[in-house]
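Note sheet for the following structure.
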Amino acid sequence: MAKIILKTNNLSYKIGKKYILKDVNLKVYNNEIHTLVGTNGTGKTTLAFIIMGLSGYQPSTGEIIFKGKNITNLSITERAKLGITLAWQNPALFEGITVRDYLNLNRGSIPPEKSIEMVGLNPHIYLSRVVDSSLSGGERKRIELASVISIHPRLAILDEPDSGIDMISIEDIKGIILGLKKLGSSVILITHREEIADIGDTASLICRGEILKVGKPEEVSAFFKKNCERCNHVGDYNEELLK
Amino acid sequence: MNIDYSKEFQAIVEAYEKAGGDSKGILDSHFGSLVISGDKVLAKNEITGLVIKTRKIKDGVAVKVYVEDGINLGFPVHLCFGMLPKEGRQVIRSEFFIGKNSKVNFISHCSFPNAKHIVHIMDSKAHISAGGEMKYTETHFHSMSGGVEVFPKLRGEIGNGGRLYEEFKLVIGRVGLLKIDYEVEQGKKSICELNTKIFGKKDDKIEVREAIHLNGDHANGMAKSRLVLKDKAYGYVLGEIEGNAPYSRGHTDCEEIIQGEGAVAESTPAISVRNHLAKVTHEASIGRIDKKELETLMARGLTEDEAVDVIVEGILK
């Protein structure tokens with residue numbers, strides 16, 4: 001049986017008195033694609049940020065265990081050095097930094113020429129481009145994935161890599177994520193698209209900051225369609241968030 | 001009197017290279033070039049279509065550069081100004097005449113590698129005729145003493161369909177005191193881009209004024225400043241753009257990043273429109289480095305300090 005690479009133990013995150021995440025127990029196995037699904041505002045991105053250790057995202061209670069080590073109080077850099085990385089839904093822009101330099105930040109094990117090719121971009125065209133607003137949203141997303149690939153992570157957290165991507169490119173994105181798995185990485189994949197979620201080995205459905213269902217993607221999808229589509233939690237939750 | 005300036009020439013060329021210049025540009029006769037140390041012209045090379053006239057003035061040199069009509073100088077013209085002594089004053093009064101439909105690229109380096117107290121006054125005028133194009137990149141290299149006072153001034157006129165790209169860069173060594181004062185008048189369908197990239201440290205003081213007057217219809221102008229301020233450095237950017245003609249478009253874009261406590265950044269966009277078909281916009285961002293940029297690089301394994309260096313280097317590149 002595959003080993004657990006990451007687990008969260010009763011992880012909670014509160015803003016004031018309000019729970020954004022409550023008692024989350026997530027288990028991600030070695031070389032597994034684990035999709036996080038759920039409607040907008042249910043806490044998926046918050047969970048990703050907490051695992052990565054971004055500032056302002058320290059859990060209120062609970063702990064994060066990575067490769068058997070408690071990383072709850074480690075910095076972003078320390079977590080990255082252990083092999084965790086994150087691709088943002090809307091990646092940052094970097095004035096004056098070329099794609100080549102961006103993909104070679106810490107001289108990762110995969111050279112820029114290879115990582116850019118793996119995301120379907122021509123190295124001759126793209127490596128000399130600058131990671132700024134001259135790139136389209138889709139190009140920037142692919143470069144972000146190339147950046148993740150370039151460091152050959154043990155665990156890649158991908159926050160909606162498919163958002164803002166046209167239908168034709170969805171197949172490419174699936175291929176890129178499967179490519180990461182082929183490299184030996186585990187992936188936490190946040191998505192709203194069923195066709196993307198389907199490539200997962202396991203899926204977790206998050207609702208109102210809690211994990212509601214864990215299983216095969218098709219089981220979780222069926223559960224969601226049966227129980228969640230008419231559920232009024234979504235509206236309630238978003239309204240509360242807006243307060 | 002015949003004075004041997006060869007040692008001074010060699011030293012200024014070395015300083016030029018430290019500033020990022022390629023000495024080939026001032027040693028190879030295929031390139032137009034001018035080398036001035038203090039108030040002395042150490043070398044001058046004219047090429048077909050390029051005329052350089054110099055005259056000694058108090059504490060410096062008056063320079064007139066002519067690019068003839070219809071000439072496209074394929075190679076850049078290298079300008080090397082500087083002073084080797086620790087103290088002194090250098091005045092460069094330059095005037096550029098860019099002919100009709102001609103094209104020239106000036107690469108200028110100003111080096112003050114030993115400065116304890118140097119005043120450098122760069123008083124320039126640029127006349128760009130219709131269809132002419134002038135690119136002027138000025139890179140400074142100062143010592144770490146902070147004893148340099150630099151006053152670059154430019155008054156530019158761009159004829160119809162002409163283009164001016166100007167970049168001022170001071171990222172190596174201490175700035176000291178820097179007061180940039182650029183003002184450009186633009187004709188019909190002309191293009192102007194003013195860029196400044198400066199890294200202020202310790203108690204450096206930086207003031208930048210970039211003014212563009214869009215006087216001809218369809219004129220297009222942009223003033224862009226990037227300042228990074230550390231320690232107790234002070235930076236102020238005034239971006240002035242005036243849209244005076246139909247369909248003229250202007251934009252001022254200022255980004256000032258402060259690192260640590262003590263540095264101060266200020267910016268004032270002063271934009272105005274005097275024609276109902278003109279449009280002028282501005283954007284400014286002042287303060288710390290963007291959190292998402294920083295955390296993205298940290299999530300790739302860089303420390304916070306390394307991430308800051310990468311971002312700053314990119315901004316000032």
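Following the order of the structure tokens, first chain is A, next is B, and so on, with residues numbered from 1 inside each chain and ligands from 1 in the order they appear.
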Next on the checklist: I need the contact residues of chain A against chain B, so if you could list those with any atom within 6 Å, counting only C-alpha atoms, and return them as a ChimeraX atom specification, that would help.
Outcome noted: /A:76-77,80-81,85,92,95-97
Next on the checklist: So that I can see what lies close to region 137-140 of chain B, please list as number ranges by chain the residues with an atom at most 7 Å from it, counting only C-alpha atoms and leaving out residues fewer than 5 positions away in the same chain.
Outcome noted: B: 19, 106-111, 166-170
Next on the checklist: Need the shell around Glu261 (chain B): protein/DNA/RNA residues with any atom at most 9 Å away, counting only C-alpha atoms. Skip same-chain ones fewer than 4 positions apart. Format as a VMD selection string?
Outcome noted: chain B and resid 230 to 232
Checklist entry - Of the residues B:Val41, B:Val228, B:Ile98, B:Val119, which is the one nearest to Asn72 (chain B), using only C-alpha atoms? => result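 Selected residue with least distance to Asn72 (chain B): B:Ile98.
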Next on the checklist: For region 164-172 of chain A, find every residue with an atom within 9 Å (counting only C-alpha atoms), except residues of its own chain fewer than 2 positions away, and show them as number ranges by chain.
Outcome noted: A: 119-120, 137-138, 141, 161-162, 174-177, 195-196
Requested write-out: N, CA and C atoms of the selected residues, as a PDB file, in the first residue's frame:
```
ATOM      1  N   VAL A 119       4.908  21.656 -20.930  1.00  0.00           N
ATOM      2  CA  VAL A 119       3.605  22.336 -20.836  1.00  0.00           C
ATOM      3  C   VAL A 119       3.134  22.793 -22.214  1.00  0.00           C
ATOM      4  N   GLY A 120       3.768  22.287 -23.252  1.00  0.00           N
ATOM      5  CA  GLY A 120       3.294  22.522 -24.616  1.00  0.00           C
ATOM      6  C   GLY A 120       3.694  23.867 -25.200  1.00  0.00           C
ATOM      7  N   GLY A 137      -3.345  35.062 -20.266  1.00  0.00           N
ATOM      8  CA  GLY A 137      -3.646  34.316 -19.044  1.00  0.00           C
ATOM      9  C   GLY A 137      -3.316  32.833 -19.192  1.00  0.00           C
ATOM     10  N   GLY A 138      -3.641  32.283 -20.346  1.00  0.00           N
ATOM     11  CA  GLY A 138      -3.378  30.859 -20.596  1.00  0.00           C
ATOM     12  C   GLY A 138      -1.883  30.566 -20.643  1.00  0.00           C
ATOM     13  N   LYS A 141      -0.486  30.650 -17.155  1.00  0.00           N
ATOM     14  CA  LYS A 141      -0.845  29.445 -16.401  1.00  0.00           C
ATOM     15  C   LYS A 141       0.090  28.290 -16.754  1.00  0.00           C
ATOM     16  N   PRO A 161      -5.751  25.005 -12.021  1.00  0.00           N
ATOM     17  CA  PRO A 161      -4.899  25.228 -13.200  1.00  0.00           C
ATOM     18  C   PRO A 161      -5.714  25.314 -14.484  1.00  0.00           C
ATOM     19  N   ASP A 162      -6.978  24.898 -14.404  1.00  0.00           N
ATOM     20  CA  ASP A 162      -7.837  24.864 -15.585  1.00  0.00           C
ATOM     21  C   ASP A 162      -8.717  26.102 -15.716  1.00  0.00           C
ATOM     22  N   LYS A 174      -4.632  18.429 -18.505  1.00  0.00           N
ATOM     23  CA  LYS A 174      -4.709  17.071 -17.933  1.00  0.00           C
ATOM     24  C   LYS A 174      -3.393  16.329 -18.170  1.00  0.00           C
ATOM     25  N   GLY A 175      -2.886  16.469 -19.389  1.00  0.00           N
ATOM     26  CA  GLY A 175      -1.620  15.804 -19.734  1.00  0.00           C
ATOM     27  C   GLY A 175      -0.470  16.301 -18.864  1.00  0.00           C
ATOM     28  N   ILE A 176      -0.459  17.594 -18.587  1.00  0.00           N
ATOM     29  CA  ILE A 176       0.621  18.175 -17.773  1.00  0.00           C
ATOM     30  C   ILE A 176       0.549  17.605 -16.347  1.00  0.00           C
ATOM     31  N   ILE A 177      -0.671  17.538 -15.812  1.00  0.00           N
ATOM     32  CA  ILE A 177      -0.831  17.034 -14.439  1.00  0.00           C
ATOM     33  C   ILE A 177      -0.435  15.546 -14.371  1.00  0.00           C
ATOM     34  N   GLU A 195     -14.320  17.009 -15.733  1.00  0.00           N
ATOM     35  CA  GLU A 195     -13.423  16.297 -16.665  1.00  0.00           C
ATOM     36  C   GLU A 195     -11.974  16.355 -16.206  1.00  0.00           C
ATOM     37  N   ILE A 196     -11.638  17.363 -15.383  1.00  0.00           N
ATOM     38  CA  ILE A 196     -10.286  17.440 -14.825  1.00  0.00           C
ATOM     39  C   ILE A 196     -10.216  16.580 -13.558  1.00  0.00           C
TER      40      ILE A 196
END
```
Next on the checklist: If I take CA of Ala11 (chain B) and CA of Leu84 (chain B), how far is one from the other in Å, to one decimal?
Outcome noted: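 CA of Ala11 (chain B) sits 7.7 Å away from CA of Leu84 (chain B).
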Checklist outcome for this item: Closest of A:Asp132, A:Glu160, A:Glu63, A:Glu218 to Arg193 (chain A), counting only C-alpha atoms, is A:Glu160
Checklist entry - Restricting the calculation to only C-alpha atoms, which member of A:Glu113, A:Glu139, A:Glu144, A:Glu194 is positioned closest to Val37 (chain A)? => result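 Looking only at the distances to Val37 (chain A), the closest residue turns out to be A:Glu194.
The set of residues in region 32-125 of chain A assigned to strand (DSSP E) by DSSP, using only backbone atoms of this structure, is A:Ile33, A:His34, A:Thr35, A:Leu36, A:Val37, A:Thr61, A:Gly62, A:Glu63, A:Ile64, A:Ile65, A:Phe66, A:Lys69, A:Asn70, A:Ile84, A:Thr85, A:Leu86, A:Ala87.
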Item to check | Which of B:Leu238, B:Ile206, B:Ile47, B:Val175 sits closest to His282 (chain B) [using only C-alpha atoms] | outcome: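 Nearest to His282 (chain B): B:Leu238.
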Checklist entry - Nearest to Leu6 (chain A) among A:Leu93, A:Ala48, A:Ile65, A:Leu82, with distances taken over only C-alpha atoms: which residue is it? => result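 Among the listed residues, the smallest separation from Leu6 (chain A) belongs to A:Ile65.
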Checklist entry - In Å to one decimal, how far is CA of Lys179 (chain B) from CA of Met144 (chain B)? => result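 These atoms are spaced 18.3 Å apart.
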Checklist entry - Can you list, as number ranges by chain, every protein, DNA or RNA residue that comes within 9 Å of Ser145 (chain B) when you count only C-alpha atoms, leaving out same-chain residues fewer than 3 positions away? => result B: 114-117, 142, 148, 173-174, 176
For C-alpha atoms, I'd like the residues from the last selection saved as an mmCIF file, in the first residue's frame.
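File produced: part_21.cif:
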```cif
data_model
loop_
_atom_site.group_PDB
_atom_site.id
_atom_site.type_symbol
_atom_site.label_atom_id
_atom_site.label_comp_id
_atom_site.auth_asym_id
_atom_site.auth_seq_id
_atom_site.Cartn_x
_atom_site.Cartn_y
_atom_site.Cartn_z
ATOM 1 C CA ASN B 114 36.484 57.048 -6.953
ATOM 2 C CA ALA B 115 34.037 59.826 -6.122
ATOM 3 C CA LYS B 116 34.082 61.415 -2.685
ATOM 4 C CA HIS B 117 32.528 64.651 -3.821
ATOM 5 C CA HIS B 142 29.170 55.468 -8.939
ATOM 6 C CA VAL B 148 28.165 62.118 -6.242
ATOM 7 C CA GLY B 173 27.066 51.947 -6.389
ATOM 8 C CA ARG B 174 25.490 54.745 -4.366
ATOM 9 C CA GLY B 176 24.232 60.234 -3.774
#
```
Item to check | Exercise: Met134 (chain B) partners within 7 Å, only C-alpha atoms, chain neighbours under 2 positions left out, as a ChimeraX atom specification | outcome: /B:103-105,132,136,163-165
Create the file for the chosen residues now, containing C-alpha atoms and written as a PDB file, in the first residue's frame.
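Now in part-v2.pdb:
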```pdb
ATOM      1  CA  LYS B 103      17.978  56.559 -36.842  1.00  0.00           C
ATOM      2  CA  VAL B 104      20.577  56.441 -34.080  1.00  0.00           C
ATOM      3  CA  ASN B 105      21.167  54.546 -30.888  1.00  0.00           C
ATOM      4  CA  GLY B 132      13.857  60.651 -37.016  1.00  0.00           C
ATOM      5  CA  TYR B 136      19.517  57.088 -25.646  1.00  0.00           C
ATOM      6  CA  ARG B 163      10.634  58.816 -31.929  1.00  0.00           C
ATOM      7  CA  LEU B 164      12.590  59.183 -28.723  1.00  0.00           C
ATOM      8  CA  TYR B 165      13.394  56.339 -26.345  1.00  0.00           C
TER       9      TYR B 165
END
```
Checklist entry - Could you pull the residues within 6 Å of Ser33 (chain B), counting only C-alpha atoms, minus those fewer than 2 positions along the same chain, as a list in words? => result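 The residues satisfying every condition are Ile26, Lys44, Asn45, Val77, His78 and Leu79 of chain B.
CA of Lys205 (chain B) is positioned 13.5 Å from CA of Glu256 (chain B).
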Checklist entry - When distances are computed from only C-alpha atoms, which of A:Ile33, A:Ile15, A:Leu21, A:Leu105 shows the smallest separation from Lys216 (chain A)? => result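 Closest to Lys216 (chain A), using only C-alpha atoms: A:Ile33.
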Next on the checklist: From a backbone DSSP assignment, name each residue in region 65-108 of chain A labelled helix (DSSP H, G or I), as a PyMOL selection string.
Outcome noted: chain A and resi 76-82+99-102
Go ahead and save the picked residues with C-alpha atoms, as a tab-separated table (two decimals), in the first residue's frame.
```tsv
chain	number	residue	atom	x	y	z
A	76	ILE	CA	7.24	28.67	3.06
A	77	THR	CA	10.87	28.23	2.02
A	78	GLU	CA	11.43	25.37	4.45
A	79	ARG	CA	8.34	23.60	3.17
A	80	ALA	CA	9.45	24.20	-0.44
A	81	LYS	CA	12.86	22.76	0.35
A	82	LEU	CA	11.13	19.64	1.68
A	99	VAL	CA	10.76	32.76	-18.49
A	100	ARG	CA	14.18	31.07	-18.62
A	101	ASP	CA	15.26	32.74	-15.36
A	102	TYR	CA	11.90	32.04	-13.77
```
